[in-house]
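Notes follow the structure.
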Amino acid sequence: MKLTFQKDDLLNGINIVLKAVSSKTTMPILECILIDAENDAIKLTGNDMELGIETTVKGNILSKGKIALDAKLLSEIVRKLSGGEAPITIESDEKYTTTITCDNSKFQIQGKNGEEFSYLPFIEKEHYICLSQFTLKEVIRQTLFSISANDSNKMMTGELFQVEENQLKVVSLDGHRMSIRKVVLKDHYQDIKVIVPGKTLGEISKILSGDNDKDVLIFFSKNHILFEFDETVVVSRLIEGEYFKIEQMLSSDYETKVNINKKEFLDCIDQASILIRENDKKPIIINVTDEAMELKLNSSFGSMNAEVSIQKTGKDIMIGFNPKFLMDALRIIDDENVDLYMMNPKSPCFIKNPEESYIYLILPVNFNAASV
């Protein structure tokens, strides 16, 4: 096999598939990137058996073939080769010895038989949806922050993707908060309900261009999900099992509704959080009266008080929250003003817009009179 590339094209392809290369494995082949030039295109593939990514790279095929090369080594070599007009040549012999040259630099590394590499699973392209890269990237950004990092409950490490007719609903939760985004699709589709690993969505978000004019096709099978966009295919295993009963957690009842300027609210919480260290569990206490919201925080470093003007409907309320959870939700909302719906100091707070295209549920925290 002998191939030539421009550095930027090759490096971009490597960076895309590197996201699916296993760093902890007992199978050395999974630490490799497959370079496959047996047909008329050059494809790079990374696959850790949970997540697989394949992308087509622009280059010249001087002689066909395929080789599996250590991903970390290949990435570091290509990154440090001089760029510019000089092409990078990758050449492998029958014993998989691979020579990488560019300008006056020449590396020789040992590859592995490409036939031993695990190809991406075949997915029937029967059930699918289509949406823009921009929309998918935004939906992931606006929900991924509230998945659980803890593997003790596998469901919480993924996101629910539910399709009903022309609507996609994406849900994530971690036991303290929940994020819901609803998107209207261009067409009507078959009903679908799957749980996608958070890791998969995080990696896809990094690859997506975010272009509103470019589409993503998402295909669903019993055990896998496939994302197809630009020259890239991403295949991931799904999380098995039944997702939480979301509807039971949602309520349209409230005793207090607050409309507040998002930036002012976020800035006040952000300022208060200066007084909290990472392991500190100090709540921010919100006291809602007729025309103002008072925010208070006391910690071992000091105290902070602030007041924001609001529009209120219903009863006064004093309620405490983990400030990080409030900030995470507010940061990804693009609206100038937000609506908060509260029932009592022990019930969830809902932040949502009138259309309910986004809903953020945050559980309150207990606080005692000494904190106030």
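Chains: A, B, ... in order of the structure tokens. Residues: from 1 per chain. Ligands: from 1, in order shown.
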
Residue set, region 157-249 of chain A restricted to strand (DSSP E or B), as a PyMOL selection string: chain A and resi 158-173+177-197+215-220+224-229+232-237

Under the rule of at most 12 Å, produce a per-residue listing of region 48-126 of chain A near region 207-219 of chain A: chain, number, name, the closest pair of atoms, and the distance in Å, as JSON lines, using only C-alpha atoms.
```
{"residue": "A:Ile53", "atom": "CA", "partner": "A:Ile207", "partner_atom": "CA", "distance": 10.5}
{"residue": "A:Glu54", "atom": "CA", "partner": "A:Ile207", "partner_atom": "CA", "distance": 11.9}
{"residue": "A:Thr55", "atom": "CA", "partner": "A:Ile207", "partner_atom": "CA", "distance": 10.8}
{"residue": "A:Phe122", "atom": "CA", "partner": "A:Phe219", "partner_atom": "CA", "distance": 11.3}
{"residue": "A:Ile123", "atom": "CA", "partner": "A:Phe219", "partner_atom": "CA", "distance": 7.8}
{"residue": "A:Glu124", "atom": "CA", "partner": "A:Phe219", "partner_atom": "CA", "distance": 7.9}
{"residue": "A:Lys125", "atom": "CA", "partner": "A:Phe219", "partner_atom": "CA", "distance": 5.9}
{"residue": "A:Glu126", "atom": "CA", "partner": "A:Phe219", "partner_atom": "CA", "distance": 7.2}
```

Which residues, written as a list in words, have at least one atom at most 10 Å from Lys312 (chain A), with only C-alpha atoms counted and residues fewer than 2 positions away on the same chain left out? Thr256, Lys257, Val258, Asn259, Ile260, Val288, Thr289, Asp290, Glu291, Ala292, Met293, Ser309, Ile310, Gly314, Lys315, Asp316, Asp339 and Leu340 of chain A

Written selection (N, CA, C and O atoms) as a PDB file, in the first residue's frame:
```
ATOM      1  N   THR A 256     -46.032  29.355  42.570  1.00  0.00           N
ATOM      2  CA  THR A 256     -45.276  30.584  42.309  1.00  0.00           C
ATOM      3  C   THR A 256     -44.676  30.524  40.914  1.00  0.00           C
ATOM      4  O   THR A 256     -44.018  29.535  40.560  1.00  0.00           O
ATOM      5  N   LYS A 257     -44.890  31.569  40.129  1.00  0.00           N
ATOM      6  CA  LYS A 257     -44.243  31.698  38.830  1.00  0.00           C
ATOM      7  C   LYS A 257     -43.442  32.993  38.831  1.00  0.00           C
ATOM      8  O   LYS A 257     -43.952  34.051  39.211  1.00  0.00           O
ATOM      9  N   VAL A 258     -42.184  32.885  38.405  1.00  0.00           N
ATOM     10  CA  VAL A 258     -41.292  34.046  38.373  1.00  0.00           C
ATOM     11  C   VAL A 258     -40.759  34.232  36.960  1.00  0.00           C
ATOM     12  O   VAL A 258     -40.257  33.281  36.348  1.00  0.00           O
ATOM     13  N   ASN A 259     -40.878  35.449  36.430  1.00  0.00           N
ATOM     14  CA  ASN A 259     -40.236  35.805  35.169  1.00  0.00           C
ATOM     15  C   ASN A 259     -39.074  36.731  35.498  1.00  0.00           C
ATOM     16  O   ASN A 259     -39.249  37.741  36.180  1.00  0.00           O
ATOM     17  N   ILE A 260     -37.880  36.373  35.028  1.00  0.00           N
ATOM     18  CA  ILE A 260     -36.674  37.091  35.431  1.00  0.00           C
ATOM     19  C   ILE A 260     -35.711  37.216  34.261  1.00  0.00           C
ATOM     20  O   ILE A 260     -35.675  36.346  33.378  1.00  0.00           O
ATOM     21  N   VAL A 288     -38.336  34.834  47.218  1.00  0.00           N
ATOM     22  CA  VAL A 288     -39.166  35.516  46.224  1.00  0.00           C
ATOM     23  C   VAL A 288     -40.282  36.274  46.931  1.00  0.00           C
ATOM     24  O   VAL A 288     -41.081  35.690  47.669  1.00  0.00           O
ATOM     25  N   THR A 289     -40.305  37.587  46.708  1.00  0.00           N
ATOM     26  CA  THR A 289     -41.398  38.421  47.217  1.00  0.00           C
ATOM     27  C   THR A 289     -42.077  39.083  46.016  1.00  0.00           C
ATOM     28  O   THR A 289     -41.802  38.720  44.874  1.00  0.00           O
ATOM     29  N   ASP A 290     -42.929  40.065  46.270  1.00  0.00           N
ATOM     30  CA  ASP A 290     -43.778  40.590  45.199  1.00  0.00           C
ATOM     31  C   ASP A 290     -43.032  41.088  43.963  1.00  0.00           C
ATOM     32  O   ASP A 290     -43.391  40.760  42.845  1.00  0.00           O
ATOM     33  N   GLU A 291     -41.982  41.889  44.140  1.00  0.00           N
ATOM     34  CA  GLU A 291     -41.332  42.478  42.961  1.00  0.00           C
ATOM     35  C   GLU A 291     -39.841  42.198  42.887  1.00  0.00           C
ATOM     36  O   GLU A 291     -39.157  42.713  42.009  1.00  0.00           O
ATOM     37  N   ALA A 292     -39.333  41.411  43.825  1.00  0.00           N
ATOM     38  CA  ALA A 292     -37.885  41.187  43.852  1.00  0.00           C
ATOM     39  C   ALA A 292     -37.565  39.755  44.255  1.00  0.00           C
ATOM     40  O   ALA A 292     -38.341  39.086  44.932  1.00  0.00           O
ATOM     41  N   MET A 293     -36.424  39.309  43.779  1.00  0.00           N
ATOM     42  CA  MET A 293     -35.867  38.033  44.208  1.00  0.00           C
ATOM     43  C   MET A 293     -34.567  38.343  44.932  1.00  0.00           C
ATOM     44  O   MET A 293     -33.665  38.960  44.364  1.00  0.00           O
ATOM     45  N   SER A 309     -34.814  42.323  40.177  1.00  0.00           N
ATOM     46  CA  SER A 309     -36.243  42.617  39.996  1.00  0.00           C
ATOM     47  C   SER A 309     -36.888  41.514  39.154  1.00  0.00           C
ATOM     48  O   SER A 309     -36.258  40.963  38.248  1.00  0.00           O
ATOM     49  N   ILE A 310     -38.139  41.208  39.458  1.00  0.00           N
ATOM     50  CA  ILE A 310     -38.838  40.102  38.804  1.00  0.00           C
ATOM     51  C   ILE A 310     -40.292  40.484  38.547  1.00  0.00           C
ATOM     52  O   ILE A 310     -40.782  41.487  39.053  1.00  0.00           O
ATOM     53  N   GLY A 314     -48.502  34.538  41.968  1.00  0.00           N
ATOM     54  CA  GLY A 314     -48.690  33.543  43.021  1.00  0.00           C
ATOM     55  C   GLY A 314     -48.035  33.927  44.334  1.00  0.00           C
ATOM     56  O   GLY A 314     -47.853  35.099  44.646  1.00  0.00           O
ATOM     57  N   LYS A 315     -47.655  32.898  45.105  1.00  0.00           N
ATOM     58  CA  LYS A 315     -47.209  33.084  46.487  1.00  0.00           C
ATOM     59  C   LYS A 315     -45.729  33.434  46.594  1.00  0.00           C
ATOM     60  O   LYS A 315     -44.934  33.114  45.715  1.00  0.00           O
ATOM     61  N   ASP A 316     -45.368  34.073  47.733  1.00  0.00           N
ATOM     62  CA  ASP A 316     -43.952  34.236  48.096  1.00  0.00           C
ATOM     63  C   ASP A 316     -43.380  32.848  48.402  1.00  0.00           C
ATOM     64  O   ASP A 316     -44.104  31.948  48.833  1.00  0.00           O
ATOM     65  N   ASP A 339     -38.727  31.751  32.692  1.00  0.00           N
ATOM     66  CA  ASP A 339     -39.817  31.543  33.641  1.00  0.00           C
ATOM     67  C   ASP A 339     -39.473  30.390  34.574  1.00  0.00           C
ATOM     68  O   ASP A 339     -39.087  29.303  34.115  1.00  0.00           O
ATOM     69  N   LEU A 340     -39.607  30.622  35.882  1.00  0.00           N
ATOM     70  CA  LEU A 340     -39.405  29.595  36.898  1.00  0.00           C
ATOM     71  C   LEU A 340     -40.756  29.263  37.516  1.00  0.00           C
ATOM     72  O   LEU A 340     -41.516  30.173  37.873  1.00  0.00           O
TER      73      LEU A 340
END
```

Between A:Met178, A:Leu226, A:Val196, A:Leu120, which is the closest to Leu326 (chain A) once you count only C-alpha atoms?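 Comparing A:Met178, A:Leu226, A:Val196, A:Leu120 against Leu326 (chain A), the winner is A:Met178.
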
Could you tell me which of A:Ser132, A:Asn261, A:Gln311, A:Asn287 comes closest to Asn344 (chain A) if we count only C-alpha atoms? A:Asn287

List the spatial neighbours of Ile35 (chain A) as a list of chain:residue names - criterion: any atom at most 10 Å away, only C-alpha atoms, same-chain residues fewer than 4 positions off excluded.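 Near neighbours after the sequence-gap exclusion: A:Met1, A:Leu3, A:Ile14, A:Ile42, A:Lys43, A:Leu44, A:Thr45, A:Gly46, A:Glu54, A:Thr56, A:Val57, A:Gly65, A:Lys66, A:Ile67, A:Ala68, A:Leu69, A:Ile90, A:Gly114.
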
Return as a PyMOL selection string the full set of residues in region 132-262 of chain A whose backbone-based DSSP assignment is helix (DSSP H, G or I). chain A and resi 133-141+144-146+154-157+198-207+246-249+262

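Between CA of Asp191 (chain A) and CA of Tyr128 (chain A) there is a distance of 9.9 Å.
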
Atom pair CA of Leu62 (chain A) / CA of Asn113 (chain A): separation (Å):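 If I compute the distance from CA of Leu62 (chain A) to CA of Asn113 (chain A), I get 19.3 Å.
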
Looking at only C-alpha atoms, which of A:Gly175, A:Pro283, A:Pro121, A:Gly202 is the one that sits closest to Asn298 (chain A)? A:Pro283
